[in-house]
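S.K.: What follows is target_0.cif; its format and atoms are mmCIF, C-alpha atoms and all ligand atoms.
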```cif
data_work
#
loop_
_atom_site.group_PDB
_atom_site.id
_atom_site.type_symbol
_atom_site.label_atom_id
_atom_site.label_comp_id
_atom_site.auth_asym_id
_atom_site.auth_seq_id
_atom_site.Cartn_x
_atom_site.Cartn_y
_atom_site.Cartn_z
ATOM 1 C CA MET U 168 58.057 -70.569 -116.669
ATOM 2 C CA ALA U 169 60.584 -68.482 -114.785
ATOM 3 C CA GLU U 170 62.367 -69.831 -111.705
ATOM 4 C CA THR U 171 60.146 -70.094 -108.622
ATOM 5 C CA LYS U 172 60.556 -67.266 -106.142
ATOM 6 C CA ALA U 173 60.931 -67.665 -102.416
ATOM 7 C CA PRO U 174 57.559 -67.088 -100.743
ATOM 8 C CA VAL U 175 57.059 -63.527 -99.536
ATOM 9 C CA GLU U 176 56.289 -63.058 -95.853
ATOM 10 C CA ARG U 177 52.772 -61.686 -95.977
ATOM 11 C CA PRO U 178 50.676 -60.661 -93.013
ATOM 12 C CA LEU U 179 48.091 -63.305 -92.160
ATOM 13 C CA SER U 180 44.461 -62.285 -92.108
ATOM 14 C CA PRO U 181 43.150 -61.848 -88.573
ATOM 15 C CA HIS U 182 41.329 -64.826 -87.132
ATOM 16 C CA LEU U 183 39.069 -65.578 -84.163
ATOM 17 C CA GLN U 184 41.509 -64.544 -81.414
ATOM 18 C CA ILE U 185 41.723 -60.998 -82.844
ATOM 19 C CA TYR U 186 38.030 -60.195 -82.829
ATOM 20 C CA ARG U 187 35.919 -59.250 -79.839
ATOM 21 C CA PRO U 188 33.348 -62.032 -79.390
ATOM 22 C CA THR U 189 29.887 -61.034 -80.537
ATOM 23 C CA LEU U 190 26.553 -62.786 -80.235
ATOM 24 C CA THR U 191 26.206 -63.335 -83.993
ATOM 25 C CA MET U 192 29.690 -64.863 -84.084
ATOM 26 C CA MET U 193 28.905 -67.198 -81.190
ATOM 27 C CA MET U 194 25.636 -68.245 -82.816
ATOM 28 C CA SER U 195 27.440 -68.999 -86.056
ATOM 29 C CA ILE U 196 29.757 -71.329 -84.148
ATOM 30 C CA VAL U 197 26.841 -72.902 -82.297
ATOM 31 C CA HIS U 198 25.055 -73.557 -85.601
ATOM 32 C CA ARG U 199 28.104 -75.483 -86.762
ATOM 33 C CA ILE U 200 28.459 -77.381 -83.472
ATOM 34 C CA THR U 201 24.774 -78.330 -83.428
ATOM 35 C CA GLY U 202 25.024 -79.400 -87.074
ATOM 36 C CA ALA U 203 27.951 -81.676 -86.256
ATOM 37 C CA ALA U 204 26.155 -82.994 -83.160
ATOM 38 C CA LEU U 205 23.074 -83.814 -85.238
ATOM 39 C CA PHE U 206 25.331 -85.566 -87.751
ATOM 40 C CA PHE U 207 26.463 -88.047 -85.099
ATOM 41 C CA GLY U 208 23.057 -87.961 -83.400
ATOM 42 C CA THR U 209 21.605 -89.815 -86.386
ATOM 43 C CA LEU U 210 23.189 -92.889 -84.771
ATOM 44 C CA LEU U 211 20.409 -92.658 -82.162
ATOM 45 C CA LEU U 212 17.769 -92.560 -84.910
ATOM 46 C CA VAL U 213 19.294 -95.643 -86.521
ATOM 47 C CA TRP U 214 19.438 -97.470 -83.187
ATOM 48 C CA TRP U 215 15.769 -96.668 -82.563
ATOM 49 C CA LEU U 216 14.608 -97.838 -86.013
ATOM 50 C CA ILE U 217 16.783 -100.976 -86.062
ATOM 51 C CA ALA U 218 15.626 -101.834 -82.545
ATOM 52 C CA ALA U 219 11.985 -101.491 -83.589
ATOM 53 C CA ALA U 220 12.628 -103.652 -86.660
ATOM 54 C CA SER U 221 14.549 -106.271 -84.654
ATOM 55 C CA GLY U 222 11.951 -107.165 -82.048
ATOM 56 C CA PRO U 223 10.685 -106.607 -78.499
ATOM 57 C CA ASP U 224 13.980 -107.442 -76.765
ATOM 58 C CA ALA U 225 16.048 -105.037 -78.842
ATOM 59 C CA TYR U 226 13.358 -102.398 -78.437
ATOM 60 C CA ALA U 227 13.295 -102.882 -74.680
ATOM 61 C CA LYS U 228 17.049 -102.227 -74.588
ATOM 62 C CA PHE U 229 16.597 -98.990 -76.511
ATOM 63 C CA SER U 230 13.671 -97.931 -74.305
ATOM 64 C CA TRP U 231 15.699 -98.642 -71.200
ATOM 65 C CA PHE U 232 18.493 -96.408 -72.485
ATOM 66 C CA ALA U 233 16.121 -93.660 -73.642
ATOM 67 C CA SER U 234 14.412 -93.469 -70.257
ATOM 68 C CA SER U 235 17.622 -93.657 -68.195
ATOM 69 C CA LEU U 236 19.021 -90.428 -66.764
ATOM 70 C CA ILE U 237 21.954 -90.279 -69.157
ATOM 71 C CA GLY U 238 19.723 -91.259 -72.073
ATOM 72 C CA ARG U 239 17.306 -88.471 -71.235
ATOM 73 C CA LEU U 240 20.079 -85.925 -70.935
ATOM 74 C CA ILE U 241 21.346 -86.947 -74.363
ATOM 75 C CA LEU U 242 17.845 -86.793 -75.850
ATOM 76 C CA LEU U 243 17.245 -83.404 -74.232
ATOM 77 C CA GLY U 244 20.493 -82.161 -75.766
ATOM 78 C CA TYR U 245 19.512 -83.692 -79.081
ATOM 79 C CA THR U 246 16.104 -81.964 -78.996
ATOM 80 C CA TRP U 247 17.676 -78.608 -78.220
ATOM 81 C CA ALA U 248 20.390 -79.021 -80.873
ATOM 82 C CA LEU U 249 17.769 -79.950 -83.464
ATOM 83 C CA ILE U 250 15.467 -77.032 -82.657
ATOM 84 C CA HIS U 251 18.331 -74.572 -82.327
ATOM 85 C CA HIS U 252 19.844 -75.702 -85.620
ATOM 86 C CA MET U 253 16.442 -75.598 -87.311
ATOM 87 C CA LEU U 254 15.779 -72.021 -86.174
ATOM 88 C CA GLY U 255 19.375 -71.106 -87.057
ATOM 89 C CA GLY U 256 18.802 -72.616 -90.490
ATOM 90 C CA ILE U 257 15.648 -70.547 -90.958
ATOM 91 C CA ARG U 258 17.711 -67.516 -89.910
ATOM 92 C CA HIS U 259 20.190 -68.378 -92.659
ATOM 93 C CA LEU U 260 17.351 -68.710 -95.167
ATOM 94 C CA ILE U 261 16.065 -65.257 -94.160
ATOM 95 C CA TRP U 262 19.571 -63.837 -94.541
ATOM 96 C CA ASP U 263 19.787 -65.498 -97.976
ATOM 97 C CA THR U 264 16.941 -63.210 -99.076
ATOM 98 C CA LEU U 265 19.056 -60.221 -97.866
ATOM 99 C CA HIS U 266 16.598 -59.469 -95.073
ATOM 100 C CA GLY U 267 17.671 -58.927 -91.456
ATOM 101 C CA LEU U 268 21.325 -58.294 -92.159
ATOM 102 C CA ASP U 269 21.378 -54.797 -90.627
ATOM 103 C CA PRO U 270 22.793 -54.390 -87.082
ATOM 104 C CA VAL U 271 19.366 -54.251 -85.444
ATOM 105 C CA GLY U 272 17.832 -57.020 -87.539
ATOM 106 C CA ARG U 273 20.644 -59.529 -87.099
ATOM 107 C CA GLU U 274 20.844 -59.010 -83.326
ATOM 108 C CA TRP U 275 17.095 -59.468 -83.118
ATOM 109 C CA LEU U 276 17.269 -62.656 -85.192
ATOM 110 C CA VAL U 277 19.990 -64.313 -83.122
ATOM 111 C CA ARG U 278 18.190 -63.444 -79.883
ATOM 112 C CA ALA U 279 14.938 -64.888 -81.237
ATOM 113 C CA ASN U 280 16.908 -67.968 -82.289
ATOM 114 C CA LEU U 281 18.367 -68.476 -78.818
ATOM 115 C CA ILE U 282 15.220 -67.789 -76.821
ATOM 116 C CA GLY U 283 13.056 -69.662 -79.330
ATOM 117 C CA SER U 284 15.179 -72.809 -79.156
ATOM 118 C CA VAL U 285 15.017 -72.945 -75.355
ATOM 119 C CA VAL U 286 11.270 -72.243 -75.231
ATOM 120 C CA ILE U 287 10.354 -74.716 -77.986
ATOM 121 C CA THR U 288 12.568 -77.428 -76.460
ATOM 122 C CA ALA U 289 10.849 -76.896 -73.106
ATOM 123 C CA VAL U 290 7.395 -77.048 -74.728
ATOM 124 C CA ILE U 291 8.262 -80.293 -76.558
ATOM 125 C CA TRP U 292 9.464 -81.928 -73.345
ATOM 126 C CA ILE U 293 6.470 -80.738 -71.349
ATOM 127 C CA ILE U 294 4.155 -82.185 -74.006
ATOM 128 C CA GLY U 295 6.259 -85.350 -73.904
ATOM 129 C CA PHE U 296 5.839 -85.679 -70.134
ATOM 130 C CA LEU U 297 2.105 -85.008 -70.452
ATOM 131 C CA VAL U 298 1.828 -87.758 -73.093
ATOM 132 C CA MET U 299 3.728 -90.150 -70.824
ATOM 133 C CA GLY U 300 1.624 -89.109 -67.840
ATOM 134 C CA GLY U 301 4.501 -87.685 -65.786
ATOM 135 C CA PRO U 302 8.284 -87.344 -65.763
ATOM 136 C CA LEU U 303 8.736 -91.007 -64.728
ATOM 137 C CA MET X 42 40.252 -56.502 -111.806
ATOM 138 C CA SER X 43 43.680 -57.765 -112.726
ATOM 139 C CA THR X 44 44.067 -59.027 -116.257
ATOM 140 C CA LYS X 45 46.515 -61.667 -115.032
ATOM 141 C CA THR X 46 43.845 -63.641 -113.182
ATOM 142 C CA GLN X 47 41.393 -63.201 -116.027
ATOM 143 C CA ARG X 48 43.747 -64.813 -118.472
ATOM 144 C CA MET X 49 43.757 -68.045 -116.449
ATOM 145 C CA ARG X 50 40.117 -68.753 -117.300
ATOM 146 C CA THR X 51 38.819 -69.641 -120.723
ATOM 147 C CA PRO X 52 35.834 -67.695 -122.037
ATOM 148 C CA LEU X 53 33.810 -70.927 -122.091
ATOM 149 C CA GLY X 54 34.683 -71.590 -118.445
ATOM 150 C CA ARG X 55 33.511 -68.120 -117.513
ATOM 151 C CA VAL X 56 30.268 -68.468 -119.420
ATOM 152 C CA ARG X 57 29.518 -71.779 -117.742
ATOM 153 C CA GLY X 58 30.202 -70.183 -114.382
ATOM 154 C CA HIS X 59 30.826 -73.490 -112.683
ATOM 155 C CA GLY X 60 34.082 -72.475 -111.011
ATOM 156 C CA ALA X 61 37.020 -74.615 -109.978
ATOM 157 C CA ALA X 62 34.939 -77.426 -108.498
ATOM 158 C CA GLY X 63 32.940 -77.646 -111.716
ATOM 159 C CA SER X 64 29.589 -77.678 -109.939
ATOM 160 C CA GLY X 65 28.778 -73.983 -109.536
ATOM 161 C CA THR X 66 26.294 -73.191 -106.786
ATOM 162 C CA THR X 67 24.909 -76.742 -106.654
ATOM 163 C CA HIS X 68 26.353 -77.521 -103.235
ATOM 164 C CA PHE X 69 25.008 -74.289 -101.737
ATOM 165 C CA TRP X 70 21.661 -74.720 -103.408
ATOM 166 C CA HIS X 71 21.179 -78.327 -102.298
ATOM 167 C CA GLN X 72 22.036 -77.299 -98.737
ATOM 168 C CA ARG X 73 19.198 -74.709 -98.902
ATOM 169 C CA LEU X 74 16.814 -77.110 -100.618
ATOM 170 C CA THR X 75 17.299 -79.749 -97.949
ATOM 171 C CA ALA X 76 17.184 -77.067 -95.230
ATOM 172 C CA VAL X 77 13.645 -76.205 -96.300
ATOM 173 C CA SER X 78 12.534 -79.838 -96.584
ATOM 174 C CA ASN X 79 14.197 -80.574 -93.242
ATOM 175 C CA VAL X 80 12.029 -77.978 -91.490
ATOM 176 C CA VAL X 81 8.803 -79.605 -92.646
ATOM 177 C CA LEU X 82 10.002 -83.178 -92.094
ATOM 178 C CA THR X 83 11.568 -82.429 -88.695
ATOM 179 C CA ILE X 84 8.276 -81.077 -87.378
ATOM 180 C CA GLY X 85 6.579 -84.256 -88.595
ATOM 181 C CA MET X 86 9.241 -86.427 -86.948
ATOM 182 C CA ILE X 87 8.852 -84.624 -83.629
ATOM 183 C CA VAL X 88 5.099 -85.279 -83.691
ATOM 184 C CA VAL X 89 5.677 -88.970 -84.471
ATOM 185 C CA CYS X 90 8.317 -89.317 -81.735
ATOM 186 C CA ILE X 91 6.094 -87.691 -79.105
ATOM 187 C CA SER X 92 3.199 -89.949 -80.046
ATOM 188 C CA LEU X 93 5.424 -93.018 -79.546
ATOM 189 C CA LEU X 94 6.889 -92.008 -76.175
ATOM 190 C CA GLY X 95 6.648 -94.764 -73.599
ATOM 191 C CA ARG X 96 4.698 -97.069 -75.936
ATOM 192 C CA ASN X 97 5.458 -100.773 -76.165
ATOM 193 C CA HIS X 98 7.132 -102.488 -79.103
ATOM 194 C CA ALA X 99 3.950 -103.748 -80.759
ATOM 195 C CA TYR X 100 2.415 -100.276 -80.878
ATOM 196 C CA VAL X 101 5.617 -98.648 -82.147
ATOM 197 C CA VAL X 102 5.932 -101.268 -84.906
ATOM 198 C CA GLN X 103 2.328 -100.706 -85.934
ATOM 199 C CA ILE X 104 2.760 -96.924 -86.213
ATOM 200 C CA LEU X 105 6.224 -96.930 -87.833
ATOM 201 C CA GLY X 106 5.006 -99.588 -90.260
ATOM 202 C CA SER X 107 1.949 -97.620 -91.376
ATOM 203 C CA PRO X 108 2.417 -96.139 -94.860
ATOM 204 C CA LEU X 109 2.109 -92.425 -94.074
ATOM 205 C CA VAL X 110 4.453 -92.527 -91.083
ATOM 206 C CA ALA X 111 6.908 -94.760 -92.943
ATOM 207 C CA ILE X 112 6.959 -92.336 -95.871
ATOM 208 C CA LEU X 113 7.552 -89.401 -93.528
ATOM 209 C CA VAL X 114 10.429 -91.176 -91.779
ATOM 210 C CA MET X 115 11.992 -92.247 -95.071
ATOM 211 C CA LEU X 116 11.760 -88.750 -96.539
ATOM 212 C CA PHE X 117 13.294 -87.340 -93.355
ATOM 213 C CA ILE X 118 16.190 -89.772 -93.543
ATOM 214 C CA VAL X 119 16.951 -89.005 -97.188
ATOM 215 C CA SER X 120 16.660 -85.243 -96.712
ATOM 216 C CA ALA X 121 18.566 -85.063 -93.408
ATOM 217 C CA VAL X 122 21.355 -87.430 -94.461
ATOM 218 C CA TYR X 123 21.955 -85.634 -97.757
ATOM 219 C CA HIS X 124 21.899 -82.308 -95.895
ATOM 220 C CA MET X 125 24.354 -83.437 -93.228
ATOM 221 C CA ARG X 126 26.645 -84.948 -95.853
ATOM 222 C CA LEU X 127 26.834 -81.524 -97.557
ATOM 223 C CA GLY X 128 27.249 -79.748 -94.217
ATOM 224 C CA MET X 129 30.019 -81.993 -92.930
ATOM 225 C CA GLN X 130 31.864 -81.543 -96.220
ATOM 226 C CA VAL X 131 31.966 -77.777 -95.596
ATOM 227 C CA ILE X 132 33.219 -78.280 -92.036
ATOM 228 C CA ILE X 133 35.971 -80.643 -93.202
ATOM 229 C CA GLU X 134 37.042 -78.353 -96.041
ATOM 230 C CA ASP X 135 37.272 -75.470 -93.562
ATOM 231 C CA TYR X 136 39.575 -77.228 -91.102
ATOM 232 C CA VAL X 137 41.423 -80.030 -92.906
ATOM 233 C CA HIS X 138 43.765 -78.572 -95.489
ATOM 234 C CA ASP X 139 46.184 -81.341 -96.454
ATOM 235 C CA ASP X 140 44.918 -83.390 -99.367
ATOM 236 C CA LEU X 141 45.265 -86.890 -97.981
ATOM 237 C CA PRO X 142 43.588 -86.366 -94.579
ATOM 238 C CA LYS X 143 40.933 -84.233 -96.261
ATOM 239 C CA ILE X 144 40.049 -86.892 -98.803
ATOM 240 C CA ALA X 145 40.071 -89.523 -96.047
ATOM 241 C CA CYS X 146 37.677 -87.438 -93.928
ATOM 242 C CA LEU X 147 35.374 -86.757 -96.878
ATOM 243 C CA MET X 148 35.307 -90.451 -97.764
ATOM 244 C CA ALA X 149 34.583 -91.425 -94.180
ATOM 245 C CA THR X 150 31.745 -88.883 -94.119
ATOM 246 C CA THR X 151 30.215 -90.269 -97.283
ATOM 247 C CA PHE X 152 30.506 -93.855 -96.035
ATOM 248 C CA PHE X 153 28.961 -92.901 -92.689
ATOM 249 C CA CYS X 154 26.055 -91.142 -94.399
ATOM 250 C CA PHE X 155 25.376 -94.055 -96.727
ATOM 251 C CA ALA X 156 25.498 -96.478 -93.803
ATOM 252 C CA ILE X 157 23.080 -94.362 -91.759
ATOM 253 C CA ALA X 158 20.680 -93.939 -94.670
ATOM 254 C CA PHE X 159 20.814 -97.560 -95.742
ATOM 255 C CA ALA X 160 20.381 -98.959 -92.225
ATOM 256 C CA SER X 161 17.445 -96.643 -91.455
ATOM 257 C CA LEU X 162 15.668 -97.277 -94.743
ATOM 258 C CA PHE X 163 16.228 -101.007 -94.368
ATOM 259 C CA ALA X 164 14.670 -100.927 -90.902
ATOM 260 C CA ILE X 165 11.625 -99.051 -92.193
ATOM 261 C CA LEU X 166 11.214 -101.433 -95.138
ATOM 262 C CA LYS X 167 11.344 -104.354 -92.740
ATOM 263 C CA LEU X 168 8.704 -102.702 -90.549
ATOM 264 C CA LEU X 169 6.547 -102.020 -93.622
ATOM 265 C CA SER X 170 6.632 -105.689 -94.554
ATOM 266 C CA GLY X 171 5.295 -106.507 -91.083
ATOM 267 C CA VAL X 172 8.563 -107.601 -89.376
HETATM 268 C C1 LIG U 401 15.643 -79.073 -89.213
HETATM 269 C C2 LIG U 401 15.866 -78.223 -90.144
HETATM 270 C C3 LIG U 401 17.240 -77.827 -90.614
HETATM 271 C C4 LIG U 401 17.518 -76.649 -91.206
HETATM 272 C C5 LIG U 401 16.527 -75.536 -91.530
HETATM 273 C C6 LIG U 401 18.945 -76.623 -91.486
HETATM 274 C C7 LIG U 401 19.598 -75.588 -92.129
HETATM 275 C C8 LIG U 401 20.924 -75.521 -92.374
HETATM 276 C C9 LIG U 401 21.598 -74.514 -93.145
HETATM 277 C C10 LIG U 401 20.932 -73.323 -93.848
HETATM 278 C C11 LIG U 401 22.926 -74.789 -93.131
HETATM 279 C C12 LIG U 401 24.039 -74.000 -93.831
HETATM 280 C C13 LIG U 401 24.660 -73.024 -92.905
HETATM 281 C C14 LIG U 401 25.717 -72.210 -93.581
HETATM 282 O O1 LIG U 401 25.703 -72.075 -94.816
HETATM 283 O O2 LIG U 401 26.591 -71.698 -92.861
HETATM 284 C C15 LIG U 401 23.102 -75.992 -92.354
HETATM 285 C C16 LIG U 401 24.305 -76.591 -92.090
HETATM 286 C C17 LIG U 401 24.449 -77.835 -91.515
HETATM 287 N N1 LIG U 401 23.439 -78.684 -91.115
HETATM 288 FE FE1 LIG U 401 21.486 -78.216 -91.092
HETATM 289 N N2 LIG U 401 19.502 -77.785 -91.055
HETATM 290 C C18 LIG U 401 18.495 -78.558 -90.530
HETATM 291 C C19 LIG U 401 18.631 -79.825 -89.999
HETATM 292 C C20 LIG U 401 19.815 -80.526 -89.927
HETATM 293 C C21 LIG U 401 19.932 -81.887 -89.491
HETATM 294 C C22 LIG U 401 18.770 -82.780 -89.050
HETATM 295 C C23 LIG U 401 21.275 -82.192 -89.541
HETATM 296 C C24 LIG U 401 21.995 -83.482 -89.211
HETATM 297 C C25 LIG U 401 21.441 -84.649 -89.177
HETATM 298 C C26 LIG U 401 21.983 -81.031 -89.993
HETATM 299 C C27 LIG U 401 23.348 -80.942 -90.176
HETATM 300 C C28 LIG U 401 24.017 -79.850 -90.650
HETATM 301 C C29 LIG U 401 25.448 -79.734 -90.733
HETATM 302 C C30 LIG U 401 26.476 -80.793 -90.327
HETATM 303 C C31 LIG U 401 25.714 -78.459 -91.266
HETATM 304 C C32 LIG U 401 27.090 -77.829 -91.536
HETATM 305 C C33 LIG U 401 27.349 -76.778 -90.492
HETATM 306 C C34 LIG U 401 28.310 -75.732 -90.934
HETATM 307 O O3 LIG U 401 28.676 -75.648 -92.115
HETATM 308 O O4 LIG U 401 28.727 -74.947 -90.075
HETATM 309 N N3 LIG U 401 21.064 -80.037 -90.239
HETATM 310 N N4 LIG U 401 21.876 -76.421 -91.894
#
```
Rewrite the structure of this file - the entire thing - as structure tokens.
M.R.:
Amino acid sequence: MAETKAPVERPLSPHLQIYRPTLTMMMSIVHRITGAALFFGTLLLVWWLIAAASGPDAYAKFSWFASSLIGRLILLGYTWALIHHMLGGIRHLIWDTLHGLDPVGREWLVRANLIGSVVITAVIWIIGFLVMGGPL
Amino acid sequence: MSTKTQRMRTPLGRVRGHGAAGSGTTHFWHQRLTAVSNVVLTIGMIVVCISLLGRNHAYVVQILGSPLVAILVMLFIVSAVYHMRLGMQVIIEDYVHDDLPKIACLMATTFFCFAIAFASLFAILKLLSGV
């Protein structure tokens, strides 16, 4: 081994602040954020299941939280994150087959992802309110 | 291709194609595998959750403790937790570069995922045995 050389000053590769924001780039970031949100959101799933397994009192506490305003906002966000991430994941699976990577195809896919997640989330909540017999 | 970089790898290593981490495309592949299973199981979970909205404890226990629903929930937990463990690993490796904090974050992620999976599965098993 020869003596170690002083590191050469190399140009750094451009990062986020260099590029003009694009929709596909934003959606990539959102897929990561929703993934991370779902990661911590599993705490809600655990709370729900443990509460059900613990008894009526524990379940009543969970139900109270879930039907409170803040609880509903969190659950609405959770629903949207889940659906958005699911559609984004399907988008990734389509890309994995080398389909939809062209400029037109990828723009179409991310738009469908965005619109689809909002529409499906709305449909789920409307069905939910119908099942409950109203928003209260 | 530069011959210098080629010389660093043994022919056997190249044939195996498992790269520096020694696991090849396994991580990527398992992320896809669980992505597909997650789609199916998530749709099932949404149906179950909607059907339990606003119901009282006794009803919820009865449904969650019925074999088919319990199996669905358990499969969802295993698939989702494994998937999110893989996903969080990628996020950490992208942003945390120093060895010690990185290993600490990866460990914490694994512990969190095991705790989530174990607690959820335990709850379902308890419900299955009739509380
Ligand atoms: C419902 C169906 C789901 C599908 C189809 C899906 C699909 C995917 C795919 C394909 C990736 C890899 C993205 C990439 O390579 O850049 C990914 C990443 C990820 N997923 Fe999912 N996923 C689903 C549900 C979930 C759930 C329920 C969670 C958490 C509980 C989750 C957490 C994550 C995380 C943390 C990542 C890493 C994000 C990143 O690397 O930027 N996913 N998902």
S.K.: Can you build me a table of chain X residues sitting at most 7 Å from ligand LIG 401 (chain U), with the closest atom pair per residue and its distance in Å to one decimal, using all atoms listed in the file, sorted by chain and residue number, as a tab-separated table?
M.R.:
```
residue	atom	partner	partner_atom	distance
X:Gln72	CA	U:LIG401	C11	6.2
X:Arg73	CA	U:LIG401	C10	5.5
X:Ala76	CA	U:LIG401	C5	4.1
X:Val77	CA	U:LIG401	C5	5.6
X:Asn79	CA	U:LIG401	C2	4.2
X:Val80	CA	U:LIG401	C2	4.1
X:Thr83	CA	U:LIG401	C1	5.3
X:Ala121	CA	U:LIG401	C22	4.9
X:Val122	CA	U:LIG401	C25	6.0
X:His124	CA	U:LIG401	C26	6.0
X:Met125	CA	U:LIG401	C27	4.1
X:Arg126	CA	U:LIG401	C30	6.9
X:Gly128	CA	U:LIG401	C32	3.3
X:Met129	CA	U:LIG401	C30	4.6
X:Val131	CA	U:LIG401	O3	5.2
X:Ile132	CA	U:LIG401	O3	5.3
```
S.K.: What would the selection look like, as a list in words, if the PyMOL selection byres ((chain U and not hetatm) within 6 of (chain X)) were run on the coordinates I just shared?
M.R.: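 Written out, the selection comes to Phe206, Val213, Leu216, Ile217, Ala220, Pro223 and Gly295 of chain U.
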S.K.: As AutoDock Vina command-line options, please: the centre and edge lengths in Å, to one decimal, of an axis-aligned box enclosing every listed atom of stretch 94-113 of chain X with 6 Å added on each side.
M.R.:
```
--center_x 4.8 --center_y -96.6 --center_z -84.7 --size_x 17.6 --size_y 26.3 --size_z 34.3
```
S.K.: Give me the result of the PyMOL selection byres (((chain U and resi 194) around 10) and not hetatm) on this file, residue by residue, as number ranges by chain.
M.R.: U: 189-193, 195-200, 251-252, 255, 277-278, 280-281
S.K.: Which value, in Å to one decimal, gives the distance between atom CA of U:Leu210 and atom CA of X:His68?
M.R.: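 Between these atoms lies a distance of 24.2 Å.
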S.K.: In Å, rounded to a single decimal, give me how far atom CA of U:His259 is from atom CA of X:Glu134.
M.R.: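 Result for atom CA of X:Glu134 versus atom CA of U:His259: 19.9 Å, one decimal.
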S.K.: Could you work out how far atom CA of U:Met253 lies from atom CA of U:Thr201, giving the answer in Å with one decimal?
M.R.: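 Answer for the atom CA of U:Thr201 to atom CA of U:Met253 separation: 9.6 Å.
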S.K.: Considering only C-alpha atoms, state which residue in the set X:Leu53, X:Met86, X:Ala149, X:Val137 is at the smallest distance from X:Met115.
M.R.: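 Answer, going by the shortest atom-to-atom distance: X:Met86.
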S.K.: Leaving out stretch 236-243 of chain U and any residue of its chain fewer than 2 positions from it, which residues lie within 12 Å of it when counting all atoms listed in the file, given as a count of residues only?
M.R.: 34
S.K.: Just the residues within 12 Å of U:His266, please, counting all atoms listed in the file, with nothing from its chain fewer than 6 positions along; format it as a tab-separated table (two decimals) with C-alpha atoms, in the frame of the given file.
M.R.:
```tsv
chain	number	residue	atom	x	y	z
U	257	ILE	CA	15.65	-70.55	-90.96
U	258	ARG	CA	17.71	-67.52	-89.91
U	259	HIS	CA	20.19	-68.38	-92.66
U	260	LEU	CA	17.35	-68.71	-95.17
U	272	GLY	CA	17.83	-57.02	-87.54
U	273	ARG	CA	20.64	-59.53	-87.10
U	275	TRP	CA	17.10	-59.47	-83.12
U	276	LEU	CA	17.27	-62.66	-85.19
```
